Structure formats: structure tokens, C-alpha cells
file run_33.pdb (PDB, C-alpha atoms)
ATOM      1  CA  MET A 113      34.243  45.308 -34.220
ATOM      2  CA  SER A 114      32.614  41.956 -34.840
ATOM      3  CA  ARG A 115      31.731  39.862 -31.833
ATOM      4  CA  PRO A 116      30.236  36.402 -31.617
ATOM      5  CA  THR A 117      26.476  36.826 -31.583
ATOM      6  CA  ALA A 118      25.491  33.484 -30.072
ATOM      7  CA  ALA A 119      24.538  34.043 -26.451
ATOM      8  CA  ALA A 120      24.014  30.397 -25.573
ATOM      9  CA  LYS A 121      27.027  28.348 -24.562
ATOM     10  CA  ARG A 122      28.118  25.991 -27.270
ATOM     11  CA  PRO A 123      28.149  22.337 -26.304
ATOM     12  CA  LEU A 124      31.561  20.848 -25.595
ATOM     13  CA  SER A 125      32.367  17.330 -26.559
ATOM     14  CA  PRO A 126      33.222  15.337 -23.440
ATOM     15  CA  HIS A 127      36.956  15.045 -22.847
ATOM     16  CA  LEU A 128      38.477  14.732 -19.358
ATOM     17  CA  THR A 129      35.528  12.851 -17.941
ATOM     18  CA  ILE A 130      35.264  10.014 -20.438
ATOM     19  CA  TYR A 131      38.841   8.988 -21.149
ATOM     20  CA  ARG A 132      40.898   6.570 -19.101
ATOM     21  CA  TRP A 133      43.181   8.748 -16.975
ATOM     22  CA  PRO A 134      46.737   8.328 -18.353
ATOM     23  CA  VAL A 135      49.627   8.160 -15.881
ATOM     24  CA  THR A 136      51.531  10.764 -17.928
ATOM     25  CA  MET A 137      48.753  13.268 -17.202
ATOM     26  CA  THR A 138      48.902  12.453 -13.498
ATOM     27  CA  LEU A 139      52.643  13.050 -13.439
ATOM     28  CA  SER A 140      52.279  16.316 -15.337
ATOM     29  CA  ILE A 141      49.846  17.556 -12.694
ATOM     30  CA  VAL A 142      51.959  16.104  -9.879
ATOM     31  CA  HIS A 143      55.009  17.983 -11.195
ATOM     32  CA  ARG A 144      53.144  21.294 -10.827
ATOM     33  CA  VAL A 145      51.617  20.402  -7.490
ATOM     34  CA  THR A 146      54.917  19.249  -5.975
ATOM     35  CA  GLY A 147      56.545  22.422  -7.303
ATOM     36  CA  GLY A 148      53.859  24.447  -5.534
ATOM     37  CA  ALA A 149      54.290  22.435  -2.338
ATOM     38  CA  LEU A 150      58.058  22.992  -2.377
ATOM     39  CA  TYR A 151      57.367  26.708  -2.869
ATOM     40  CA  VAL A 152      55.402  26.773   0.394
ATOM     41  CA  GLY A 153      57.971  24.445   1.976
ATOM     42  CA  THR A 154      60.638  27.156   1.768
ATOM     43  CA  LEU A 155      58.823  28.738   4.734
ATOM     44  CA  LEU A 156      59.821  25.697   6.826
ATOM     45  CA  VAL A 157      63.445  25.963   5.659
ATOM     46  CA  ALA A 158      63.506  29.674   6.506
ATOM     47  CA  TRP A 159      61.895  29.033   9.902
ATOM     48  CA  TRP A 160      64.452  26.351  10.795
ATOM     49  CA  LEU A 161      67.383  28.570   9.749
ATOM     50  CA  VAL A 162      65.984  31.569  11.668
ATOM     51  CA  ALA A 163      65.581  29.320  14.716
ATOM     52  CA  ALA A 164      69.149  28.041  14.391
ATOM     53  CA  ALA A 165      70.363  31.651  14.098
ATOM     54  CA  THR A 166      68.311  32.963  17.016
ATOM     55  CA  SER A 167      68.678  30.838  20.141
ATOM     56  CA  GLU A 168      68.824  27.339  21.509
ATOM     57  CA  ASP A 169      65.193  27.655  22.665
ATOM     58  CA  TRP A 170      63.958  28.547  19.197
ATOM     59  CA  PHE A 171      66.058  25.771  17.696
ATOM     60  CA  ASN A 172      64.688  23.176  20.097
ATOM     61  CA  THR A 173      61.118  24.382  19.513
ATOM     62  CA  ALA A 174      61.509  24.150  15.730
ATOM     63  CA  ASN A 175      63.026  20.670  16.029
ATOM     64  CA  ALA A 176      60.283  19.541  18.426
ATOM     65  CA  VAL A 177      57.524  20.742  16.063
ATOM     66  CA  MET A 178      59.181  19.144  13.032
ATOM     67  CA  GLY A 179      59.922  15.981  15.018
ATOM     68  CA  SER A 180      56.296  15.548  16.167
ATOM     69  CA  ILE A 181      54.122  12.989  14.387
ATOM     70  CA  LEU A 182      52.405  15.663  12.314
ATOM     71  CA  GLY A 183      55.724  17.386  11.675
ATOM     72  CA  GLN A 184      57.276  14.140  10.476
ATOM     73  CA  LEU A 185      54.335  13.489   8.151
ATOM     74  CA  VAL A 186      54.780  16.945   6.644
ATOM     75  CA  LEU A 187      58.534  16.360   6.267
ATOM     76  CA  ILE A 188      57.961  12.952   4.642
ATOM     77  CA  GLY A 189      55.635  14.700   2.189
ATOM     78  CA  PHE A 190      58.260  17.426   1.694
ATOM     79  CA  THR A 191      60.929  14.771   0.988
ATOM     80  CA  TRP A 192      58.682  12.975  -1.493
ATOM     81  CA  ALA A 193      57.763  16.268  -3.226
ATOM     82  CA  MET A 194      61.457  17.059  -3.552
ATOM     83  CA  PHE A 195      62.350  13.646  -5.022
ATOM     84  CA  MET A 196      59.263  13.563  -7.257
ATOM     85  CA  HIS A 197      59.971  17.046  -8.618
ATOM     86  CA  THR A 198      63.676  16.236  -9.068
ATOM     87  CA  VAL A 199      63.044  12.949 -10.882
ATOM     88  CA  GLY A 200      60.291  14.632 -12.914
ATOM     89  CA  GLY A 201      62.776  17.380 -13.743
ATOM     90  CA  LEU A 202      65.312  14.804 -14.955
ATOM     91  CA  ARG A 203      62.552  13.339 -17.141
ATOM     92  CA  HIS A 204      61.985  16.812 -18.611
ATOM     93  CA  MET A 205      65.731  17.188 -19.267
ATOM     94  CA  LEU A 206      65.646  13.867 -21.109
ATOM     95  CA  TRP A 207      62.806  15.198 -23.279
ATOM     96  CA  ASP A 208      64.743  18.411 -23.859
ATOM     97  CA  THR A 209      67.369  16.364 -25.688
ATOM     98  CA  GLY A 210      64.603  15.033 -27.955
ATOM     99  CA  VAL A 211      64.579  11.439 -26.765
ATOM    100  CA  ALA A 212      62.030   9.215 -24.975
ATOM    101  CA  MET A 213      59.062  11.185 -26.257
ATOM    102  CA  GLU A 214      57.100   8.288 -27.782
ATOM    103  CA  LYS A 215      53.771   7.616 -26.080
ATOM    104  CA  HIS A 216      54.605   4.182 -24.683
ATOM    105  CA  VAL A 217      58.076   5.301 -23.552
ATOM    106  CA  SER A 218      56.737   8.343 -21.695
ATOM    107  CA  THR A 219      54.230   6.055 -19.972
ATOM    108  CA  GLN A 220      57.119   3.829 -18.878
ATOM    109  CA  THR A 221      59.230   6.754 -17.647
ATOM    110  CA  ALA A 222      56.183   8.107 -15.803
ATOM    111  CA  TRP A 223      55.811   4.876 -13.814
ATOM    112  CA  ALA A 224      59.578   4.641 -13.347
ATOM    113  CA  SER A 225      59.829   8.169 -11.924
ATOM    114  CA  LEU A 226      56.878   7.604  -9.609
ATOM    115  CA  VAL A 227      58.463   4.406  -8.261
ATOM    116  CA  ALA A 228      61.919   6.042  -8.040
ATOM    117  CA  SER A 229      60.551   8.967  -6.022
ATOM    118  CA  LEU A 230      58.822   6.623  -3.568
ATOM    119  CA  VAL A 231      61.903   4.396  -3.206
ATOM    120  CA  LEU A 232      64.217   7.396  -2.665
ATOM    121  CA  THR A 233      61.844   8.838  -0.057
ATOM    122  CA  ALA A 234      61.649   5.507   1.748
ATOM    123  CA  LEU A 235      65.450   5.079   1.671
ATOM    124  CA  THR A 236      65.962   8.599   3.040
ATOM    125  CA  TRP A 237      63.602   8.056   5.950
ATOM    126  CA  VAL A 238      64.936   4.592   6.741
ATOM    127  CA  ALA A 239      68.436   6.126   6.806
ATOM    128  CA  LEU A 240      67.124   8.931   9.037
ATOM    129  CA  TYR A 241      65.594   6.545  11.557
ATOM    130  CA  LEU A 242      68.815   4.517  11.562
ATOM    131  CA  VAL A 243      70.863   7.687  12.278
ATOM    132  CA  VAL A 244      68.691   9.062  15.059
TER     133      VAL A 244
ATOM    134  CA  MET B 112      57.638  37.331 -44.138
ATOM    135  CA  VAL B 113      53.862  37.334 -43.950
ATOM    136  CA  GLU B 114      52.561  39.110 -40.845
ATOM    137  CA  LEU B 115      50.043  36.857 -39.149
ATOM    138  CA  ARG B 116      48.965  39.205 -36.364
ATOM    139  CA  THR B 117      46.224  41.712 -37.038
ATOM    140  CA  PRO B 118      47.036  45.432 -36.618
ATOM    141  CA  LEU B 119      44.637  45.531 -33.637
ATOM    142  CA  ARG B 120      46.538  42.709 -31.919
ATOM    143  CA  LYS B 121      49.767  44.585 -32.523
ATOM    144  CA  VAL B 122      48.593  47.924 -31.213
ATOM    145  CA  ARG B 123      47.289  46.268 -28.041
ATOM    146  CA  GLY B 124      50.722  44.794 -27.477
ATOM    147  CA  LEU B 125      49.432  41.242 -27.227
ATOM    148  CA  GLY B 126      51.724  38.487 -28.319
ATOM    149  CA  SER B 127      55.235  37.339 -27.679
ATOM    150  CA  THR B 128      57.249  39.303 -25.134
ATOM    151  CA  ARG B 129      60.389  37.796 -26.697
ATOM    152  CA  SER B 130      61.673  36.592 -23.350
ATOM    153  CA  GLY B 131      60.335  33.030 -23.492
ATOM    154  CA  THR B 132      63.616  31.393 -24.427
ATOM    155  CA  SER B 133      65.621  33.037 -21.670
ATOM    156  CA  HIS B 134      62.935  32.050 -19.131
ATOM    157  CA  PHE B 135      62.962  28.449 -20.405
ATOM    158  CA  TRP B 136      66.771  28.376 -20.302
ATOM    159  CA  ALA B 137      66.972  29.831 -16.797
ATOM    160  CA  VAL B 138      64.605  27.113 -15.559
ATOM    161  CA  ARG B 139      66.836  24.432 -17.131
ATOM    162  CA  VAL B 140      70.123  25.884 -15.860
ATOM    163  CA  THR B 141      68.787  26.228 -12.305
ATOM    164  CA  SER B 142      67.312  22.725 -12.383
ATOM    165  CA  VAL B 143      70.603  21.181 -13.528
ATOM    166  CA  ALA B 144      72.404  22.979 -10.693
ATOM    167  CA  LEU B 145      69.760  21.870  -8.195
ATOM    168  CA  VAL B 146      70.171  18.140  -8.813
ATOM    169  CA  PRO B 147      73.553  17.769  -7.036
ATOM    170  CA  LEU B 148      72.752  20.571  -4.569
ATOM    171  CA  SER B 149      69.471  18.911  -3.499
ATOM    172  CA  LEU B 150      71.189  15.575  -2.954
ATOM    173  CA  PHE B 151      73.874  17.334  -0.917
ATOM    174  CA  VAL B 152      71.299  19.097   1.251
ATOM    175  CA  ILE B 153      69.303  15.904   1.859
ATOM    176  CA  GLY B 154      72.530  14.194   2.945
ATOM    177  CA  LEU B 155      73.347  17.179   5.166
ATOM    178  CA  LEU B 156      69.909  17.109   6.816
ATOM    179  CA  LEU B 157      70.355  13.388   7.502
ATOM    180  CA  SER B 158      73.672  14.126   9.190
ATOM    181  CA  LEU B 159      72.115  16.992  11.168
ATOM    182  CA  ALA B 160      69.214  14.919  12.502
ATOM    183  CA  GLY B 161      69.408  14.666  16.249
ATOM    184  CA  THR B 162      72.401  16.990  16.599
ATOM    185  CA  SER B 163      72.488  19.689  19.254
ATOM    186  CA  PHE B 164      72.132  23.441  18.673
ATOM    187  CA  LEU B 165      75.894  24.035  18.835
ATOM    188  CA  GLU B 166      76.777  21.059  16.652
ATOM    189  CA  ALA B 167      74.242  22.073  14.003
ATOM    190  CA  ARG B 168      75.555  25.654  13.966
ATOM    191  CA  ALA B 169      79.171  24.531  13.731
ATOM    192  CA  THR B 170      78.277  22.321  10.776
ATOM    193  CA  LEU B 171      76.457  25.168   8.986
ATOM    194  CA  ALA B 172      79.368  27.545   9.657
ATOM    195  CA  ASN B 173      81.817  25.223   7.917
ATOM    196  CA  PRO B 174      82.585  26.834   4.508
ATOM    197  CA  LEU B 175      82.336  23.489   2.712
ATOM    198  CA  ILE B 176      78.751  23.220   3.994
ATOM    199  CA  PHE B 177      77.826  26.907   4.047
ATOM    200  CA  VAL B 178      78.600  27.559   0.367
ATOM    201  CA  PRO B 179      76.534  24.695  -1.115
ATOM    202  CA  VAL B 180      73.687  25.391   1.329
ATOM    203  CA  ILE B 181      73.467  29.068   0.402
ATOM    204  CA  LEU B 182      73.727  28.173  -3.302
ATOM    205  CA  PHE B 183      70.966  25.605  -2.847
ATOM    206  CA  ILE B 184      68.708  28.186  -1.227
ATOM    207  CA  LEU B 185      69.327  31.007  -3.711
ATOM    208  CA  ILE B 186      69.106  28.801  -6.815
ATOM    209  CA  SER B 187      65.991  27.037  -5.471
ATOM    210  CA  LEU B 188      64.302  30.384  -4.876
ATOM    211  CA  GLU B 189      65.060  31.601  -8.384
ATOM    212  CA  HIS B 190      63.889  28.277  -9.854
ATOM    213  CA  MET B 191      60.615  28.376  -7.918
ATOM    214  CA  ARG B 192      60.073  32.055  -8.733
ATOM    215  CA  LEU B 193      60.348  31.219 -12.444
ATOM    216  CA  GLY B 194      58.075  28.205 -12.003
ATOM    217  CA  MET B 195      55.400  30.128 -10.126
ATOM    218  CA  GLN B 196      55.553  32.887 -12.750
ATOM    219  CA  GLU B 197      54.710  30.228 -15.340
ATOM    220  CA  VAL B 198      51.827  28.918 -13.231
ATOM    221  CA  VAL B 199      50.412  32.437 -12.759
ATOM    222  CA  SER B 200      50.627  33.242 -16.461
ATOM    223  CA  ASP B 201      48.922  29.918 -17.251
ATOM    224  CA  TYR B 202      45.941  30.222 -14.929
ATOM    225  CA  ILE B 203      45.353  33.908 -14.152
ATOM    226  CA  HIS B 204      43.716  35.796 -16.972
ATOM    227  CA  SER B 205      42.847  39.093 -15.293
ATOM    228  CA  GLU B 206      45.675  41.442 -16.172
ATOM    229  CA  LEU B 207      45.686  43.322 -12.866
ATOM    230  CA  LEU B 208      45.610  40.195 -10.701
ATOM    231  CA  LYS B 209      48.262  38.575 -12.877
ATOM    232  CA  VAL B 210      50.673  41.489 -12.495
ATOM    233  CA  ALA B 211      49.968  41.687  -8.753
ATOM    234  CA  LEU B 212      50.587  37.961  -8.229
ATOM    235  CA  MET B 213      53.772  38.058 -10.266
ATOM    236  CA  MET B 214      55.050  40.911  -8.100
ATOM    237  CA  LEU B 215      54.052  39.066  -4.908
ATOM    238  CA  ASN B 216      55.844  36.005  -6.241
ATOM    239  CA  SER B 217      59.087  37.944  -6.663
ATOM    240  CA  PHE B 218      58.674  39.660  -3.281
ATOM    241  CA  PHE B 219      58.130  36.276  -1.580
ATOM    242  CA  ALA B 220      61.250  34.758  -3.144
ATOM    243  CA  VAL B 221      63.390  37.766  -2.210
ATOM    244  CA  LEU B 222      61.991  37.910   1.331
ATOM    245  CA  ILE B 223      62.651  34.214   1.972
ATOM    246  CA  GLY B 224      66.093  34.580   0.380
ATOM    247  CA  ALA B 225      67.067  37.579   2.528
ATOM    248  CA  THR B 226      65.820  35.811   5.668
ATOM    249  CA  CYS B 227      67.779  32.631   4.939
ATOM    250  CA  VAL B 228      70.949  34.507   3.932
ATOM    251  CA  PHE B 229      70.814  36.665   7.065
ATOM    252  CA  SER B 230      70.326  33.597   9.270
ATOM    253  CA  LEU B 231      73.167  31.686   7.655
ATOM    254  CA  LEU B 232      75.510  34.685   7.894
ATOM    255  CA  LYS B 233      74.594  35.152  11.540
ATOM    256  CA  ILE B 234      75.273  31.486  12.220
ATOM    257  CA  ALA B 235      78.624  31.617  10.396
ATOM    258  CA  PHE B 236      79.914  35.037  11.515
ATOM    259  CA  GLY B 237      77.647  36.201  14.340
ATOM    260  CA  GLY B 238      79.759  34.532  17.016
TER     261      GLY B 238
END

call {"tool": "encode", "arguments": {"input": "run_33.pdb", "output": "C-alpha cells"}}
result
Amino acid sequence: MSRPTAAAKRPLSPHLTIYRWPVTMTLSIVHRVTGGALYVGTLLVAWWLVAAATSEDWFNTANAVMGSILGQLVLIGFTWAMFMHTVGGLRHMLWDTGVAMEKHVSTQTAWASLVASLVLTALTWVALYLVV
Amino acid sequence: MVELRTPLRKVRGLGSTRSGTSHFWAVRVTSVALVPLSLFVIGLLLSLAGTSFLEARATLANPLIFVPVILFILISLEHMRLGMQEVVSDYIHSELLKVALMMLNSFFAVLIGATCVFSLLKIAFGG
């Protein structure tokens, strides 16, 4: 079987490091990362449900941990990940129908989804603080 | 049609597994279902904030809440299992590690699912 004989690594032309970072690339990465974060976040959902099913003590402990400053920061991140991944998912569904795929349009929808996710997260937490 | 794969490629079984479209479609179907379900669950969590143990359990035991919540959990888990499978097949190139991680991925989703379903059933029917 023939194998490449050159032992030395071939030079690569520079790519990621020299181009201006496009927002569409950021959102592509963010979609994966938020998906991964939500994956881990299911542990929190399971913990809260187990606590609610077990006893009042467990329930109050879970709520106290999630209601602490650190807990709230994690939950704000969780909320944003959920909105970002949802809005990003809607953007993918739009592409699935074959529209909005031009370069400048996908840049616009990238910014729009980023802003939408932040606004929705802010609205949710404002509503939460108004309720409690 | 002209065969583009070499005989060696074929005998090693490398190439399409012919399940790409159904995977793609399952991701889309679950994501469409998750849009309204996610909004419902966020609204539910807002309404549950600050409620007592008994109030929260009574809310979760209500069939109009219970059904969408359990659907949200099961469909989310399947969606994330499919997504993580994609991530593993993208980044992990060692065959053994890839298969192991894909199994772990499925085990994780099923474990979380069983735990959540048990808890919800206990809340609704456990008295």
C-alpha cells in the first residue's frame, strides 16, 4: 500500500489567525457550546425534580442553592443558553427552508439572534424578580 | 453509476452508514417540538419561583402541567443525545473512544430521563 513518504509536516497557510473573526462563526461555535451547556444543565433539572419528589428539606436545600448568588448566576447562564440555542435553532430552521443564506443576511440574522437571546434572558429575569 | 469508493474503502466498511437523513430529521422534529415546550417550561418556572414545597408539587401534579413537562424532558433528552452524538462523531477520531462515548451519551440521557420520570410520577401519584 502506498503511503505518503514525506516525514516533515507540510506548511499550512494561515487561516483562523489572520482573518477578521466573523460573527457567523462565533454563533456557530456558540450554538455548539450552549448545546453542551444545556446537556450538563439537565443534571440541575433532574436534581430539582428529585428534591421535589423526596422531601421538603431536599426541596428547600435545592432552592436555597439555586437561589444563592452563584446559583442565580448559573441559572441566568442556563436561561441565556436556552434562549440562544432556541433562537439559533430557529435560524437553522429558516436555513432548512433554503432562505436567508446569503452572506450579508446570515451576518444580520447572527446579530439579531444574539440580541434576541440577550433581550429574552433579561425579560425573563426581570419578570422573575417582579414575581418573587 | 460510477463507483467512486475504492474496493479497500468498501471492505473496511468506511463511508455512509445510510442513517444520516433520519438523524438530521429527528433533530429537526425534536427542535420544532421543543420551541413551544421550552417557552411553556420557562413560564412554568417563573410561576413556580418562590412557591412552597406543597404548592410546587400540586402544580407539577396537575395533568395540564405534568404532560408538557414530561414531554419537554423526554424530547429534550433525545434532542441532546442526537446533538452530542454529532459532536462526538465530529471531534473523536479514535474508533474505540468514539464508540465508548456514544454509548455513555445514550446511557446518560436514559439515566437522566428515568430519574426525572420517576420523580415526576412520584410527585403526581406518590401521595

call {"tool": "interface_residues", "arguments": {"input": "run_33.pdb", "of": "chain B", "to": "chain A", "cutoff": "8 Å", "atoms": "all atoms listed in the file", "output": "ChimeraX atom specification"}}
result
/B:139,142,146,157-158,160-161,164,167-168,191,194-195,223,226-227,230-231,233-234

call {"tool": "resolve_selection", "arguments": {"input": "run_33.pdb", "expression": "the PyMOL selection byres ((chain B and resi 217-221) around 9)", "output": "list in words"}}
result
Tyr151 of chain A; Leu185, Leu188, Glu189, Met191, Arg192, Leu193, Gln196, Leu212, Met213, Met214, Leu215, Asn216, Leu222, Ile223, Gly224, Ala225 and Thr226 of chain B

call {"tool": "atom_distance", "arguments": {"input": "run_33.pdb", "atom1": "CA of Leu148 (chain B)", "atom2": "CA of Pro179 (chain B)"}}
result
6.6 Å

call {"tool": "closest_residue", "arguments": {"input": "run_33.pdb", "among": "B:Leu119, B:Val140, B:Leu150, B:Leu155", "to": "Thr233 (chain A)", "atoms": "only C-alpha atoms"}}
result
B:Leu150

call {"tool": "closest_residue", "arguments": {"input": "run_33.pdb", "among": "B:Ala169, B:Val180, B:Ala144, B:Leu115", "to": "Leu156 (chain B)", "atoms": "only C-alpha atoms"}}
result
B:Val180

call {"tool": "atom_distance", "arguments": {"input": "run_33.pdb", "atom1": "CA of Ser130 (chain B)", "atom2": "CA of Ser200 (chain B)"}}
result
13.4 Å

call {"tool": "atom_distance", "arguments": {"input": "run_33.pdb", "atom1": "CA of Gly237 (chain B)", "atom2": "CA of Ile186 (chain B)"}}
result
24.0 Å

call {"tool": "closest_residue", "arguments": {"input": "run_33.pdb", "among": "B:Val122, B:Ile153, B:Pro147, B:Gly131", "to": "Phe190 (chain A)", "atoms": "only C-alpha atoms"}}
result
B:Ile153

call {"tool": "residues_around", "arguments": {"input": "run_33.pdb", "residues": "Leu230 (chain A)", "least_positions_apart": "5", "cutoff": "9 Å", "atoms": "all atoms listed in the file", "output": "list in words"}}
result
Trp192, Phe195, Met196, Ser225 and Leu235 of chain A

call {"tool": "closest_residue", "arguments": {"input": "run_33.pdb", "among": "B:Val113, B:Leu125, B:Leu165, B:Ile184", "to": "Gly153 (chain A)", "atoms": "all atoms listed in the file"}}
result
B:Ile184

call {"tool": "closest_residue", "arguments": {"input": "run_33.pdb", "among": "A:Val135, A:Leu206, A:Leu128, A:Leu156", "to": "Val143 (chain B)", "atoms": "all atoms listed in the file"}}
result
A:Leu206

call {"tool": "resolve_selection", "arguments": {"input": "run_33.pdb", "expression": "the PyMOL selection byres ((chain A and resi 217-219) around 12)", "output": "list in words"}}
result
Trp133, Pro134, Val135, Thr136, Met137, Thr138, Leu139, Ser140, Gly200, Arg203, His204, Leu206, Trp207, Val211, Ala212, Met213, Glu214, Lys215, His216, Gln220, Thr221, Ala222, Trp223, Ala224, Ser225 and Leu226 of chain A
